Amino acid sequence: MKSDYNIIIIGGGPAGMAAAIGAKEAGEDDILILERDSVLGGILNQCIHNGFGLHTFNEELTGPEYAERFADKVRELGIPFELETMVLDVTPMSDGRKAVSLISAQRGAVTLTAKAVILAMGCRERPRGALNIPGFRPQGVYTAGTAQKLVNLEGAQVGKEVVILGSGDIGLIMARRMTLEGAHVAAVAELMPYSSGLKRNIVQCLDDYGIPLLLSHTVVDIKGKEKLEGVYIAEVDENRKPIAGSEVYYPCDTLLLSCGLLPENELSSGAGVEIDPRTNGAFVNDRLETNIEGVFSCGNVLHVHDLVDFVSEESKRAGANAALYVKEGRKGGREVNVTVGNGVRYSVPSKINTDALPELTHIRFRVTGVYKDASIIIKSGEREILRRKSRILVPSEMLDIILKRDKLADVTDDINVYLEEVQS
Amino acid sequence: MTRELICINCPMGCMLTAEVEGGEVTKVSGNTCPRGEQYAKTELTAPVRTVTTTMKTAGGKPVPVKTKAPIPKDKIFDVVAAIKSATAPLPVKMGDVVLENAAGTGVDIVSARSMNNA
Ligand code: SF4
């Protein structure tokens, strides 16, 4: 079997498939996608709700439909992929290529080589251990994503009386899903004073079914030794500390934890990729290239997205850039840093090469809290590159600012992204 | 009367402001695209939802399905019950109708994924 490729893509979910399509459309034919599951599509296969693809396909699709369209495209373009393949390690080699060690039924344990590697491994849920709930771990406590997989892919019955901790999108989606499967969802408790899920999900997953969203609340105790019997939910103060005496007991057989997602970067770290502690994803330049030449990162492994359309768009660019790298090598030139200020938590990219700008440069970021009528400002030194007023900005929505080439062409100072709040 | 609502048509979740007079929506603002205006009009008069769930198959694993068009919001549970009592044949292709006229809504249920015999 062939073992040397121009581009190897790790992950066959939305990011990996789009990266492959982007590379192929940029003229690169020597591509291989490695996927650990038995089908392409990644997490989309268990996301059976709709709301995917409005930006990409101009219609609203379910997760499996969105995945299947991309998988069909991958097949149509004749891009090779290998399933049930576990990548163990990525190592830069002295000649600039990368060694990719893997295990699969088809190949056994082998090491492949590639000029460029695209990291597209996606993310996983924060483990429940990080939740700091005292007490036992009785049966009936799941992460929301695990429950989603059991219900949607296995057709399993998960529970009848449900409490959900955390109002991330998967938690909200699962509140509706469990309701449609005949369960009663007593409440969704959220530690923060705002939901970390999309507004539309609060409307159509909670409000539609009369499920209460308890903001500034958390689970303080779990009852039940072998099987879950119930949970105590308490209100928290502004320091997120439970308020004594506010505990309410909810009998339940199921507790779903929806406490956020973490990019899955063990392989990246192992390869020497520098990780941004704000995103838990790689630091990348505007080509989505990491600190290691020829290693690119895109999708949820780079930073957790809320829109799969943004994942696809970003990953296509990563694929096209990897194809360009194979042809021309790393772009030299002047790089300016992208830094963040007031109200902005992080930005992707963290560096922009102003000597080799593409037609359009994307700057993606999230805000740190809820801001009303604030303006997004992008400045380089004293020069204002962009000012955009927004009625409302929330941390759950990733913002995507697209700058034309001429906006950045003669920029020499660091670029700063921040919010200007209205003085009242 | 002024009503505030959130457009659920896409994950942008635009905040809409609608003017309602005599049961009719006369003006919508806050929408980023025309779908938002349409959403406010239907949501305030006859709300509809696309329903997604799973249907059992002969192969053991369920197949994801959806209503081919949005159905009246108050029919959601009837439609889900109709889907639960049906079985999808295998193999099935994405887009195949697996249940016609679900719960008398006039809307068909289609498969959201291609699946071979398990
Ligand atoms: S108005 Fe358009 S862009 Fe805004 S949420 Fe509705 S469909 Fe999405």
# chains A, B, ... in the order shown; residues from 1 in each chain; ligands from 1
call {"tool": "residues_around", "arguments": {"residues": "B:Ile76", "least_positions_apart": "4", "cutoff": "10 Å", "atoms": "only C-alpha atoms", "output": "number ranges by chain"}}
result
A: 180; B: 48-52, 70-72, 80-81, 103
call {"tool": "write_last_selection", "arguments": {"atoms": "N, CA, C and O atoms", "output": "mmCIF file, in the first residue's frame"}}
result
data_model
loop_
_atom_site.group_PDB
_atom_site.id
_atom_site.type_symbol
_atom_site.label_atom_id
_atom_site.label_comp_id
_atom_site.auth_asym_id
_atom_site.auth_seq_id
_atom_site.Cartn_x
_atom_site.Cartn_y
_atom_site.Cartn_z
ATOM 1 N N LEU A 180 -39.094 14.325 23.538
ATOM 2 C CA LEU A 180 -39.741 13.631 22.417
ATOM 3 C C LEU A 180 -39.658 12.114 22.584
ATOM 4 O O LEU A 180 -40.492 11.382 22.056
ATOM 5 N N VAL B 48 -45.095 26.838 13.348
ATOM 6 C CA VAL B 48 -44.770 25.510 12.814
ATOM 7 C C VAL B 48 -43.343 25.134 13.219
ATOM 8 O O VAL B 48 -42.537 25.991 13.544
ATOM 9 N N ARG B 49 -43.062 23.827 13.206
ATOM 10 C CA ARG B 49 -41.722 23.325 13.517
ATOM 11 C C ARG B 49 -41.391 22.147 12.594
ATOM 12 O O ARG B 49 -42.270 21.352 12.263
ATOM 13 N N THR B 50 -40.109 22.044 12.245
ATOM 14 C CA THR B 50 -39.632 20.819 11.615
ATOM 15 C C THR B 50 -39.307 19.867 12.755
ATOM 16 O O THR B 50 -38.655 20.257 13.719
ATOM 17 N N VAL B 51 -39.787 18.630 12.668
ATOM 18 C CA VAL B 51 -39.530 17.673 13.740
ATOM 19 C C VAL B 51 -38.462 16.684 13.286
ATOM 20 O O VAL B 51 -38.525 16.159 12.169
ATOM 21 N N THR B 52 -37.475 16.459 14.136
ATOM 22 C CA THR B 52 -36.465 15.437 13.846
ATOM 23 C C THR B 52 -36.478 14.426 14.984
ATOM 24 O O THR B 52 -36.599 14.785 16.149
ATOM 25 N N PRO B 70 -42.208 21.786 7.629
ATOM 26 C CA PRO B 70 -42.612 22.065 9.015
ATOM 27 C C PRO B 70 -44.074 21.697 9.240
ATOM 28 O O PRO B 70 -44.886 21.783 8.326
ATOM 29 N N ILE B 71 -44.385 21.272 10.452
ATOM 30 C CA ILE B 71 -45.761 20.899 10.805
ATOM 31 C C ILE B 71 -46.250 21.856 11.895
ATOM 32 O O ILE B 71 -45.440 22.485 12.568
ATOM 33 N N PRO B 72 -47.582 21.957 12.087
ATOM 34 C CA PRO B 72 -48.070 22.820 13.170
ATOM 35 C C PRO B 72 -47.464 22.390 14.509
ATOM 36 O O PRO B 72 -47.353 21.194 14.797
ATOM 37 N N VAL B 80 -44.616 12.562 16.372
ATOM 38 C CA VAL B 80 -43.578 11.701 16.949
ATOM 39 C C VAL B 80 -44.157 10.320 17.273
ATOM 40 O O VAL B 80 -43.522 9.289 17.011
ATOM 41 N N ALA B 81 -45.384 10.284 17.797
ATOM 42 C CA ALA B 81 -46.019 9.000 18.111
ATOM 43 C C ALA B 81 -46.207 8.170 16.839
ATOM 44 O O ALA B 81 -45.972 6.953 16.835
ATOM 45 N N ALA B 103 -49.590 11.495 10.988
ATOM 46 C CA ALA B 103 -50.649 11.960 11.903
ATOM 47 C C ALA B 103 -51.618 12.929 11.238
ATOM 48 O O ALA B 103 -52.092 13.886 11.864
#
call {"tool": "closest_atom_pairs", "arguments": {"of": "chain A", "to": "ligand 1", "cutoff": "10 Å", "atoms": "only C-alpha atoms and all ligand atoms", "output": "JSON lines"}}
result
{"residue": "A:Gly51", "atom": "CA", "partner": "ligand 1", "partner_atom_place_in_ligand_line": "8 (Fe)", "distance": 9.8}
{"residue": "A:Leu54", "atom": "CA", "partner": "ligand 1", "partner_atom_place_in_ligand_line": "8 (Fe)", "distance": 8.2}
{"residue": "A:His55", "atom": "CA", "partner": "ligand 1", "partner_atom_place_in_ligand_line": "3 (S)", "distance": 9.3}
{"residue": "A:Glu60", "atom": "CA", "partner": "ligand 1", "partner_atom_place_in_ligand_line": "7 (S)", "distance": 9.8}
{"residue": "A:Lys199", "atom": "CA", "partner": "ligand 1", "partner_atom_place_in_ligand_line": "5 (S)", "distance": 9.5}
{"residue": "A:Arg200", "atom": "CA", "partner": "ligand 1", "partner_atom_place_in_ligand_line": "5 (S)", "distance": 8.0}
call {"tool": "write_last_selection", "arguments": {"atoms": "N, CA and C atoms", "output": "PDB file, in the first residue's frame"}}
result
ATOM      1  N   GLY A  51     -30.808  22.463  11.440  1.00  0.00           N
ATOM      2  CA  GLY A  51     -30.210  23.773  11.686  1.00  0.00           C
ATOM      3  C   GLY A  51     -28.818  23.852  11.088  1.00  0.00           C
ATOM      4  N   LEU A  54     -27.358  26.163   6.566  1.00  0.00           N
ATOM      5  CA  LEU A  54     -28.030  27.303   5.956  1.00  0.00           C
ATOM      6  C   LEU A  54     -27.050  28.172   5.176  1.00  0.00           C
ATOM      7  N   HIS A  55     -25.838  28.330   5.704  1.00  0.00           N
ATOM      8  CA  HIS A  55     -24.850  29.156   5.009  1.00  0.00           C
ATOM      9  C   HIS A  55     -24.205  28.411   3.846  1.00  0.00           C
ATOM     10  N   GLU A  60     -31.948  24.173   5.315  1.00  0.00           N
ATOM     11  CA  GLU A  60     -31.718  23.696   6.655  1.00  0.00           C
ATOM     12  C   GLU A  60     -31.672  22.177   6.674  1.00  0.00           C
ATOM     13  N   LYS A 199     -29.470  31.078  21.220  1.00  0.00           N
ATOM     14  CA  LYS A 199     -30.816  31.553  21.564  1.00  0.00           C
ATOM     15  C   LYS A 199     -31.897  30.687  20.927  1.00  0.00           C
ATOM     16  N   ARG A 200     -31.674  30.333  19.665  1.00  0.00           N
ATOM     17  CA  ARG A 200     -32.704  29.566  18.964  1.00  0.00           C
ATOM     18  C   ARG A 200     -32.953  28.226  19.659  1.00  0.00           C
TER      19      ARG A 200
END
call {"tool": "interface_residues", "arguments": {"of": "chain B", "to": "chain A", "cutoff": "7 Å", "atoms": "only C-alpha atoms", "output": "list in words"}}
result
Ile6, Cys7, Ile8, Cys10, Pro11, Gly13, Thr52, Thr53, Thr54, Lys61, Pro62, Pro64, Val80, Ala112 and Arg113 of chain B
call {"tool": "closest_residue", "arguments": {"among": "B:Val92, B:Leu5, B:Ala82, B:Glu100", "to": "B:Thr42", "atoms": "only C-alpha atoms"}}
result
B:Leu5
call {"tool": "atom_distance", "arguments": {"atom1": "atom CA of B:Ile109", "atom2": "atom CA of B:Met55"}}
result
9.8 Å
call {"tool": "closest_residue", "arguments": {"among": "A:Glu25, A:Glu247, A:Glu226, A:Glu420", "to": "A:Lys316", "atoms": "only C-alpha atoms"}}
result
A:Glu25
call {"tool": "select_by_dssp", "arguments": {"residues": "stretch 174-257 of chain A", "states": "strand (DSSP E)", "output": "number ranges by chain"}}
result
A: 184-190, 213-215, 217-223, 230-235, 248-251, 254-257
call {"tool": "residues_around", "arguments": {"residues": "B:Val98", "least_positions_apart": "5", "cutoff": "9 Å", "atoms": "only C-alpha atoms", "output": "PyMOL selection string"}}
result
chain B and resi 55+65+83+86-89+92+108-111
call {"tool": "closest_residue", "arguments": {"among": "A:Phe310, A:Tyr249, A:Tyr194, A:Tyr209", "to": "A:Ile173", "atoms": "only C-alpha atoms"}}
result
A:Tyr209
call {"tool": "select_by_dssp", "arguments": {"residues": "chain B", "states": "helix (DSSP H, G or I)", "output": "PyMOL selection string"}}
result
chain B and resi 34-45+73-84+102-104
call {"tool": "write_last_selection", "arguments": {"atoms": "N, CA, C and O atoms", "output": "short mmCIF file (atom, residue, chain, number, x, y, z; two decimals), in the first residue's frame"}}
result
data_model
loop_
_atom_site.label_atom_id
_atom_site.label_comp_id
_atom_site.auth_asym_id
_atom_site.auth_seq_id
_atom_site.Cartn_x
_atom_site.Cartn_y
_atom_site.Cartn_z
N PRO B 34 -34.57 37.61 4.69
CA PRO B 34 -36.03 37.61 4.54
C PRO B 34 -36.72 36.48 5.30
O PRO B 34 -37.90 36.58 5.65
N ARG B 35 -35.98 35.39 5.58
CA ARG B 35 -36.60 34.29 6.32
C ARG B 35 -37.07 34.73 7.70
O ARG B 35 -38.01 34.18 8.26
N GLY B 36 -36.38 35.72 8.26
CA GLY B 36 -36.74 36.23 9.58
C GLY B 36 -38.12 36.87 9.57
O GLY B 36 -38.91 36.69 10.49
N GLU B 37 -38.41 37.63 8.52
CA GLU B 37 -39.70 38.29 8.42
C GLU B 37 -40.80 37.23 8.31
O GLU B 37 -41.82 37.28 9.00
N GLN B 38 -40.56 36.25 7.46
CA GLN B 38 -41.52 35.17 7.28
C GLN B 38 -41.73 34.42 8.59
O GLN B 38 -42.86 34.10 8.97
N TYR B 39 -40.64 34.21 9.32
CA TYR B 39 -40.73 33.49 10.60
C TYR B 39 -41.65 34.24 11.57
O TYR B 39 -42.54 33.64 12.18
N ALA B 40 -41.44 35.55 11.69
CA ALA B 40 -42.25 36.34 12.63
C ALA B 40 -43.73 36.24 12.26
O ALA B 40 -44.59 36.08 13.12
N LYS B 41 -44.01 36.28 10.96
CA LYS B 41 -45.40 36.22 10.51
C LYS B 41 -46.05 34.90 10.88
O LYS B 41 -47.14 34.87 11.43
N THR B 42 -45.38 33.79 10.59
CA THR B 42 -46.00 32.49 10.92
C THR B 42 -45.98 32.26 12.44
O THR B 42 -46.97 31.77 12.98
N GLU B 43 -44.89 32.61 13.10
CA GLU B 43 -44.78 32.31 14.53
C GLU B 43 -45.88 33.00 15.33
O GLU B 43 -46.38 32.45 16.30
N LEU B 44 -46.25 34.18 14.92
CA LEU B 44 -47.25 34.93 15.68
C LEU B 44 -48.68 34.62 15.24
O LEU B 44 -49.63 35.03 15.87
N THR B 45 -48.84 33.87 14.15
CA THR B 45 -50.19 33.52 13.73
C THR B 45 -50.43 32.00 13.80
O THR B 45 -51.34 31.56 14.49
N LYS B 73 -47.08 23.39 15.29
CA LYS B 73 -46.40 23.12 16.56
C LYS B 73 -47.22 22.21 17.47
O LYS B 73 -46.67 21.36 18.16
N ASP B 74 -48.54 22.37 17.47
CA ASP B 74 -49.35 21.56 18.38
C ASP B 74 -49.53 20.12 17.91
O ASP B 74 -50.19 19.32 18.56
N LYS B 75 -48.93 19.77 16.77
CA LYS B 75 -49.01 18.38 16.28
C LYS B 75 -47.71 17.61 16.55
O LYS B 75 -47.58 16.45 16.14
N ILE B 76 -46.72 18.25 17.19
CA ILE B 76 -45.41 17.61 17.35
C ILE B 76 -45.53 16.22 17.98
O ILE B 76 -45.01 15.24 17.46
N PHE B 77 -46.26 16.13 19.10
CA PHE B 77 -46.30 14.85 19.81
C PHE B 77 -47.08 13.78 19.02
O PHE B 77 -46.73 12.61 19.07
N ASP B 78 -48.11 14.19 18.28
CA ASP B 78 -48.84 13.23 17.45
C ASP B 78 -47.93 12.68 16.35
O ASP B 78 -47.94 11.48 16.06
N VAL B 79 -47.16 13.57 15.75
CA VAL B 79 -46.27 13.15 14.67
C VAL B 79 -45.18 12.21 15.21
O VAL B 79 -44.89 11.18 14.61
N VAL B 80 -44.62 12.56 16.37
CA VAL B 80 -43.58 11.70 16.95
C VAL B 80 -44.16 10.32 17.27
O VAL B 80 -43.52 9.29 17.01
N ALA B 81 -45.38 10.28 17.80
CA ALA B 81 -46.02 9.00 18.11
C ALA B 81 -46.21 8.17 16.84
O ALA B 81 -45.97 6.95 16.83
N ALA B 82 -46.60 8.82 15.75
CA ALA B 82 -46.79 8.10 14.48
C ALA B 82 -45.45 7.54 13.99
O ALA B 82 -45.38 6.40 13.50
N ILE B 83 -44.39 8.32 14.14
CA ILE B 83 -43.06 7.86 13.70
C ILE B 83 -42.62 6.67 14.55
O ILE B 83 -42.07 5.69 14.05
N LYS B 84 -42.89 6.76 15.87
CA LYS B 84 -42.45 5.69 16.77
C LYS B 84 -43.15 4.37 16.49
O LYS B 84 -42.63 3.29 16.79
N ALA B 102 -47.90 11.97 7.98
CA ALA B 102 -47.78 11.64 9.40
C ALA B 102 -48.87 12.31 10.23
O ALA B 102 -49.07 13.52 10.15
N ALA B 103 -49.59 11.49 10.99
CA ALA B 103 -50.65 11.96 11.90
C ALA B 103 -51.62 12.93 11.24
O ALA B 103 -52.09 13.89 11.86
N GLY B 104 -51.89 12.68 9.96
CA GLY B 104 -52.88 13.50 9.26
C GLY B 104 -52.46 14.93 8.99
O GLY B 104 -53.28 15.79 8.66
#
call {"tool": "atom_distance", "arguments": {"atom1": "atom CA of A:Arg345", "atom2": "atom CA of A:Gly122"}}
result
20.4 Å
call {"tool": "atom_distance", "arguments": {"atom1": "atom CA of B:Met15", "atom2": "atom CA of B:Gly30"}}
result
5.8 Å
call {"tool": "closest_residue", "arguments": {"among": "A:Val185, A:Val336, A:Val417, A:Leu261", "to": "A:Asp355", "atoms": "only C-alpha atoms"}}
result
A:Val336
call {"tool": "closest_residue", "arguments": {"among": "A:Ile401, A:Met1, A:Val39, A:Gly281", "to": "B:Ser114", "atoms": "only C-alpha atoms"}}
result
A:Val39
